[in-house]
Amino acid sequence: MRILHVITGMRKAAGTSVFVGELAREQVAAGHSVDVVHQETWRTDVYPLAEGVRLIAKEDFIKSLSFREYDIMHIHG
């Protein structure tokens, strides 16, 4: 299954970032393909993601949107 998470930023100290990072880790461990799209690309304090989870800048994602298909899109407020 291809899963997409959309989040404002993946800051190390933010609760939503930790949740998304850990959820993505478990999803990859279960055999899913997981991408995380974020817009705060200037941040250097990014939550560490598991191997296999792709972190994509919003601008890059928009450019390639027509080439992507996801089974689930989870938008985190």
# chains A, B, ... in the order shown; residues from 1 in each chain; ligands from 1
call {"tool": "residues_around", "arguments": {"residues": "segment 55-64 of chain A", "least_positions_apart": "4", "cutoff": "7 Å", "atoms": "only C-alpha atoms", "output": "mmCIF file with N, CA and C atoms, in the first residue's frame"}}
result
data_model
loop_
_atom_site.group_PDB
_atom_site.id
_atom_site.type_symbol
_atom_site.label_atom_id
_atom_site.label_comp_id
_atom_site.auth_asym_id
_atom_site.auth_seq_id
_atom_site.Cartn_x
_atom_site.Cartn_y
_atom_site.Cartn_z
ATOM 1 N N ASP A 35 5.512 8.083 2.170
ATOM 2 C CA ASP A 35 6.095 9.392 1.886
ATOM 3 C C ASP A 35 5.512 10.405 2.857
ATOM 4 N N VAL A 36 6.330 11.386 3.246
ATOM 5 C CA VAL A 36 5.889 12.481 4.109
ATOM 6 C C VAL A 36 6.192 13.783 3.377
ATOM 7 N N VAL A 37 5.158 14.571 3.122
ATOM 8 C CA VAL A 37 5.331 15.864 2.464
ATOM 9 C C VAL A 37 5.241 16.952 3.523
ATOM 10 N N HIS A 38 6.204 17.900 3.478
ATOM 11 C CA HIS A 38 6.205 19.004 4.444
ATOM 12 C C HIS A 38 6.620 20.286 3.745
ATOM 13 N N GLN A 39 6.316 21.411 4.375
ATOM 14 C CA GLN A 39 6.637 22.697 3.746
ATOM 15 C C GLN A 39 7.739 23.463 4.464
ATOM 16 N N THR A 41 10.936 23.381 4.788
ATOM 17 C CA THR A 41 12.196 22.807 4.305
ATOM 18 C C THR A 41 13.419 23.527 4.859
ATOM 19 N N ARG A 68 2.279 10.492 -9.163
ATOM 20 C CA ARG A 68 2.169 9.752 -7.914
ATOM 21 C C ARG A 68 0.752 9.223 -7.716
#
call {"tool": "residues_around", "arguments": {"residues": "segment 1-14 of chain A", "least_positions_apart": "5", "cutoff": "6 Å", "atoms": "only C-alpha atoms", "output": "VMD selection string"}}
result
chain A and resid 32 to 40 45 to 47 70 to 76
call {"tool": "select_by_dssp", "arguments": {"residues": "segment 9-55 of chain A", "states": "helix (DSSP H, G or I)", "output": "PyMOL selection string"}}
result
chain A and resi 15-29
call {"tool": "residues_around", "arguments": {"residues": "Glu51 of chain A", "least_positions_apart": "5", "cutoff": "10 Å", "atoms": "only C-alpha atoms", "output": "list in words"}}
result
Arg25, Val28 and Ala29 of chain A
call {"tool": "write_last_selection", "arguments": {"atoms": "C-alpha atoms", "output": "PDB file, in the first residue's frame"}}
result
ATOM      1  CA  ARG A  25       8.104   3.844  10.915  1.00  0.00           C
ATOM      2  CA  VAL A  28       7.222   0.820   6.624  1.00  0.00           C
ATOM      3  CA  ALA A  29       7.887  -2.073   9.023  1.00  0.00           C
TER       4      ALA A  29
END
call {"tool": "atom_distance", "arguments": {"atom1": "atom CA of Val53 of chain A", "atom2": "atom CA of Ala24 of chain A"}}
result
6.8 Å
call {"tool": "select_by_dssp", "arguments": {"residues": "chain A", "states": "strand (DSSP E)", "output": "list in words"}}
result
Arg2, Ile3, Leu4, His5, Val6, Ser33, Val34, Asp35, Val36, Val37, His38, Val53, Arg54, Leu55, Ile56, Ala57, Ile72, Met73, His74 and Ile75 of chain A
call {"tool": "write_last_selection", "arguments": {"atoms": "N, CA, C and O atoms", "output": "PDB file, in the first residue's frame"}}
result
ATOM      1  N   ARG A   2       0.512   2.245  -0.753  1.00  0.00           N
ATOM      2  CA  ARG A   2       1.249   3.516  -0.788  1.00  0.00           C
ATOM      3  C   ARG A   2       0.528   4.524   0.100  1.00  0.00           C
ATOM      4  O   ARG A   2      -0.651   4.797  -0.097  1.00  0.00           O
ATOM      5  N   ILE A   3       1.263   5.073   1.053  1.00  0.00           N
ATOM      6  CA  ILE A   3       0.684   5.981   2.043  1.00  0.00           C
ATOM      7  C   ILE A   3       1.393   7.324   1.971  1.00  0.00           C
ATOM      8  O   ILE A   3       2.622   7.380   1.899  1.00  0.00           O
ATOM      9  N   LEU A   4       0.621   8.394   2.010  1.00  0.00           N
ATOM     10  CA  LEU A   4       1.155   9.749   2.017  1.00  0.00           C
ATOM     11  C   LEU A   4       0.698  10.461   3.283  1.00  0.00           C
ATOM     12  O   LEU A   4      -0.481  10.469   3.607  1.00  0.00           O
ATOM     13  N   HIS A   5       1.653  11.050   4.006  1.00  0.00           N
ATOM     14  CA  HIS A   5       1.349  11.913   5.145  1.00  0.00           C
ATOM     15  C   HIS A   5       1.673  13.344   4.724  1.00  0.00           C
ATOM     16  O   HIS A   5       2.719  13.594   4.122  1.00  0.00           O
ATOM     17  N   VAL A   6       0.789  14.271   5.031  1.00  0.00           N
ATOM     18  CA  VAL A   6       1.003  15.688   4.731  1.00  0.00           C
ATOM     19  C   VAL A   6       1.015  16.431   6.059  1.00  0.00           C
ATOM     20  O   VAL A   6       0.090  16.304   6.863  1.00  0.00           O
ATOM     21  N   SER A  33       4.748   1.439   1.496  1.00  0.00           N
ATOM     22  CA  SER A  33       5.571   2.516   0.951  1.00  0.00           C
ATOM     23  C   SER A  33       5.043   3.820   1.541  1.00  0.00           C
ATOM     24  O   SER A  33       3.859   4.132   1.384  1.00  0.00           O
ATOM     25  N   VAL A  34       5.901   4.600   2.210  1.00  0.00           N
ATOM     26  CA  VAL A  34       5.443   5.784   2.937  1.00  0.00           C
ATOM     27  C   VAL A  34       6.237   7.017   2.531  1.00  0.00           C
ATOM     28  O   VAL A  34       7.465   7.014   2.542  1.00  0.00           O
ATOM     29  N   ASP A  35       5.512   8.083   2.170  1.00  0.00           N
ATOM     30  CA  ASP A  35       6.095   9.392   1.886  1.00  0.00           C
ATOM     31  C   ASP A  35       5.512  10.405   2.857  1.00  0.00           C
ATOM     32  O   ASP A  35       4.338  10.304   3.239  1.00  0.00           O
ATOM     33  N   VAL A  36       6.330  11.386   3.246  1.00  0.00           N
ATOM     34  CA  VAL A  36       5.889  12.481   4.109  1.00  0.00           C
ATOM     35  C   VAL A  36       6.192  13.783   3.377  1.00  0.00           C
ATOM     36  O   VAL A  36       7.344  14.049   3.037  1.00  0.00           O
ATOM     37  N   VAL A  37       5.158  14.571   3.122  1.00  0.00           N
ATOM     38  CA  VAL A  37       5.331  15.864   2.464  1.00  0.00           C
ATOM     39  C   VAL A  37       5.241  16.952   3.523  1.00  0.00           C
ATOM     40  O   VAL A  37       4.346  16.939   4.360  1.00  0.00           O
ATOM     41  N   HIS A  38       6.204  17.900   3.478  1.00  0.00           N
ATOM     42  CA  HIS A  38       6.205  19.004   4.444  1.00  0.00           C
ATOM     43  C   HIS A  38       6.620  20.286   3.745  1.00  0.00           C
ATOM     44  O   HIS A  38       7.179  20.260   2.654  1.00  0.00           O
ATOM     45  N   VAL A  53      11.326   5.706   4.693  1.00  0.00           N
ATOM     46  CA  VAL A  53      10.342   6.793   4.684  1.00  0.00           C
ATOM     47  C   VAL A  53      10.952   7.963   3.919  1.00  0.00           C
ATOM     48  O   VAL A  53      12.033   8.429   4.252  1.00  0.00           O
ATOM     49  N   ARG A  54      10.261   8.399   2.885  1.00  0.00           N
ATOM     50  CA  ARG A  54      10.778   9.524   2.090  1.00  0.00           C
ATOM     51  C   ARG A  54      10.178  10.831   2.581  1.00  0.00           C
ATOM     52  O   ARG A  54       8.963  10.958   2.696  1.00  0.00           O
ATOM     53  N   LEU A  55      11.043  11.809   2.867  1.00  0.00           N
ATOM     54  CA  LEU A  55      10.628  13.154   3.248  1.00  0.00           C
ATOM     55  C   LEU A  55      10.730  14.018   1.999  1.00  0.00           C
ATOM     56  O   LEU A  55      11.807  14.131   1.404  1.00  0.00           O
ATOM     57  N   ILE A  56       9.615  14.615   1.592  1.00  0.00           N
ATOM     58  CA  ILE A  56       9.552  15.359   0.339  1.00  0.00           C
ATOM     59  C   ILE A  56       9.120  16.794   0.614  1.00  0.00           C
ATOM     60  O   ILE A  56       8.142  17.027   1.334  1.00  0.00           O
ATOM     61  N   ALA A  57       9.820  17.745   0.024  1.00  0.00           N
ATOM     62  CA  ALA A  57       9.435  19.153   0.130  1.00  0.00           C
ATOM     63  C   ALA A  57       8.145  19.382  -0.656  1.00  0.00           C
ATOM     64  O   ALA A  57       7.938  18.783  -1.712  1.00  0.00           O
ATOM     65  N   ILE A  72      -3.693   5.820   0.422  1.00  0.00           N
ATOM     66  CA  ILE A  72      -4.178   6.584   1.582  1.00  0.00           C
ATOM     67  C   ILE A  72      -3.420   7.894   1.666  1.00  0.00           C
ATOM     68  O   ILE A  72      -2.193   7.925   1.524  1.00  0.00           O
ATOM     69  N   MET A  73      -4.148   8.978   1.915  1.00  0.00           N
ATOM     70  CA  MET A  73      -3.536  10.272   2.168  1.00  0.00           C
ATOM     71  C   MET A  73      -4.005  10.718   3.542  1.00  0.00           C
ATOM     72  O   MET A  73      -5.199  10.852   3.779  1.00  0.00           O
ATOM     73  N   HIS A  74      -3.053  10.932   4.459  1.00  0.00           N
ATOM     74  CA  HIS A  74      -3.384  11.334   5.826  1.00  0.00           C
ATOM     75  C   HIS A  74      -2.860  12.757   6.009  1.00  0.00           C
ATOM     76  O   HIS A  74      -1.652  12.984   6.030  1.00  0.00           O
ATOM     77  N   ILE A  75      -3.779  13.704   6.134  1.00  0.00           N
ATOM     78  CA  ILE A  75      -3.407  15.102   6.294  1.00  0.00           C
ATOM     79  C   ILE A  75      -3.464  15.442   7.775  1.00  0.00           C
ATOM     80  O   ILE A  75      -4.503  15.324   8.419  1.00  0.00           O
TER      81      ILE A  75
END
call {"tool": "atom_distance", "arguments": {"atom1": "atom CA of Arg43 of chain A", "atom2": "atom CA of Gly21 of chain A"}}
result
15.8 Å
call {"tool": "decode", "arguments": {"residues": "segment 8-34 of chain A", "atoms": "N, CA and C atoms", "output": "JSON list (two decimals), in the first residue's frame"}}
result
[["chain", "number", "residue", "atom", "x", "y", "z"],
["A", 8, "THR", "N", 2.75, 20.20, 8.13],
["A", 8, "THR", "CA", 3.41, 21.49, 7.95],
["A", 8, "THR", "C", 4.92, 21.35, 8.06],
["A", 9, "GLY", "N", 5.39, 20.70, 9.10],
["A", 9, "GLY", "CA", 6.83, 20.54, 9.29],
["A", 9, "GLY", "C", 7.11, 19.31, 10.13],
["A", 10, "MET", "N", 8.34, 18.83, 10.07],
["A", 10, "MET", "CA", 8.73, 17.64, 10.83],
["A", 10, "MET", "C", 9.73, 17.99, 11.92],
["A", 11, "ARG", "N", 9.43, 19.07, 12.65],
["A", 11, "ARG", "CA", 10.30, 19.54, 13.73],
["A", 11, "ARG", "C", 10.47, 18.47, 14.81],
["A", 12, "LYS", "N", 11.69, 18.32, 15.28],
["A", 12, "LYS", "CA", 12.03, 17.30, 16.27],
["A", 12, "LYS", "C", 11.19, 17.40, 17.54],
["A", 13, "ALA", "N", 10.91, 18.60, 17.99],
["A", 13, "ALA", "CA", 10.27, 18.79, 19.30],
["A", 13, "ALA", "C", 8.75, 18.88, 19.23],
["A", 14, "ALA", "N", 8.16, 18.75, 18.07],
["A", 14, "ALA", "CA", 6.71, 18.91, 17.94],
["A", 14, "ALA", "C", 6.00, 17.57, 18.06],
["A", 15, "GLY", "N", 4.89, 17.56, 18.78],
["A", 15, "GLY", "CA", 4.14, 16.32, 19.01],
["A", 15, "GLY", "C", 3.64, 15.67, 17.75],
["A", 16, "THR", "N", 3.12, 16.45, 16.82],
["A", 16, "THR", "CA", 2.59, 15.89, 15.58],
["A", 16, "THR", "C", 3.71, 15.26, 14.75],
["A", 17, "SER", "N", 4.89, 15.87, 14.75],
["A", 17, "SER", "CA", 6.03, 15.32, 14.02],
["A", 17, "SER", "C", 6.44, 13.96, 14.59],
["A", 18, "VAL", "N", 6.46, 13.86, 15.89],
["A", 18, "VAL", "CA", 6.81, 12.59, 16.54],
["A", 18, "VAL", "C", 5.78, 11.54, 16.17],
["A", 19, "PHE", "N", 4.51, 11.90, 16.23],
["A", 19, "PHE", "CA", 3.44, 10.96, 15.89],
["A", 19, "PHE", "C", 3.58, 10.48, 14.45],
["A", 20, "VAL", "N", 3.76, 11.41, 13.51],
["A", 20, "VAL", "CA", 3.88, 11.05, 12.09],
["A", 20, "VAL", "C", 5.13, 10.20, 11.87],
["A", 21, "GLY", "N", 6.24, 10.58, 12.49],
["A", 21, "GLY", "CA", 7.47, 9.81, 12.33],
["A", 21, "GLY", "C", 7.34, 8.38, 12.81],
["A", 22, "GLU", "N", 6.73, 8.21, 13.97],
["A", 22, "GLU", "CA", 6.57, 6.86, 14.53],
["A", 22, "GLU", "C", 5.53, 6.04, 13.77],
["A", 23, "LEU", "N", 4.46, 6.70, 13.35],
["A", 23, "LEU", "CA", 3.44, 6.01, 12.54],
["A", 23, "LEU", "C", 4.05, 5.55, 11.21],
["A", 24, "ALA", "N", 4.81, 6.43, 10.57],
["A", 24, "ALA", "CA", 5.45, 6.08, 9.30],
["A", 24, "ALA", "C", 6.43, 4.92, 9.50],
["A", 25, "ARG", "N", 7.17, 4.94, 10.61],
["A", 25, "ARG", "CA", 8.10, 3.84, 10.91],
["A", 25, "ARG", "C", 7.38, 2.50, 10.98],
["A", 26, "GLU", "N", 6.26, 2.48, 11.68],
["A", 26, "GLU", "CA", 5.48, 1.24, 11.80],
["A", 26, "GLU", "C", 4.87, 0.81, 10.46],
["A", 27, "GLN", "N", 4.46, 1.78, 9.66],
["A", 27, "GLN", "CA", 3.88, 1.45, 8.37],
["A", 27, "GLN", "C", 4.92, 0.85, 7.43],
["A", 28, "VAL", "N", 6.14, 1.39, 7.43],
["A", 28, "VAL", "CA", 7.22, 0.82, 6.62],
["A", 28, "VAL", "C", 7.56, -0.59, 7.13],
["A", 29, "ALA", "N", 7.60, -0.76, 8.44],
["A", 29, "ALA", "CA", 7.89, -2.07, 9.02],
["A", 29, "ALA", "C", 6.83, -3.10, 8.62],
["A", 30, "ALA", "N", 5.62, -2.63, 8.38],
["A", 30, "ALA", "CA", 4.53, -3.52, 7.95],
["A", 30, "ALA", "C", 4.55, -3.76, 6.44],
["A", 31, "GLY", "N", 5.52, -3.16, 5.74],
["A", 31, "GLY", "CA", 5.67, -3.42, 4.32],
["A", 31, "GLY", "C", 5.07, -2.39, 3.39],
["A", 32, "HIS", "N", 4.63, -1.25, 3.92],
["A", 32, "HIS", "CA", 4.02, -0.22, 3.09],
["A", 32, "HIS", "C", 5.07, 0.76, 2.58],
["A", 33, "SER", "N", 4.75, 1.44, 1.50],
["A", 33, "SER", "CA", 5.57, 2.52, 0.95],
["A", 33, "SER", "C", 5.04, 3.82, 1.54],
["A", 34, "VAL", "N", 5.90, 4.60, 2.21],
["A", 34, "VAL", "CA", 5.44, 5.78, 2.94],
["A", 34, "VAL", "C", 6.24, 7.02, 2.53]]
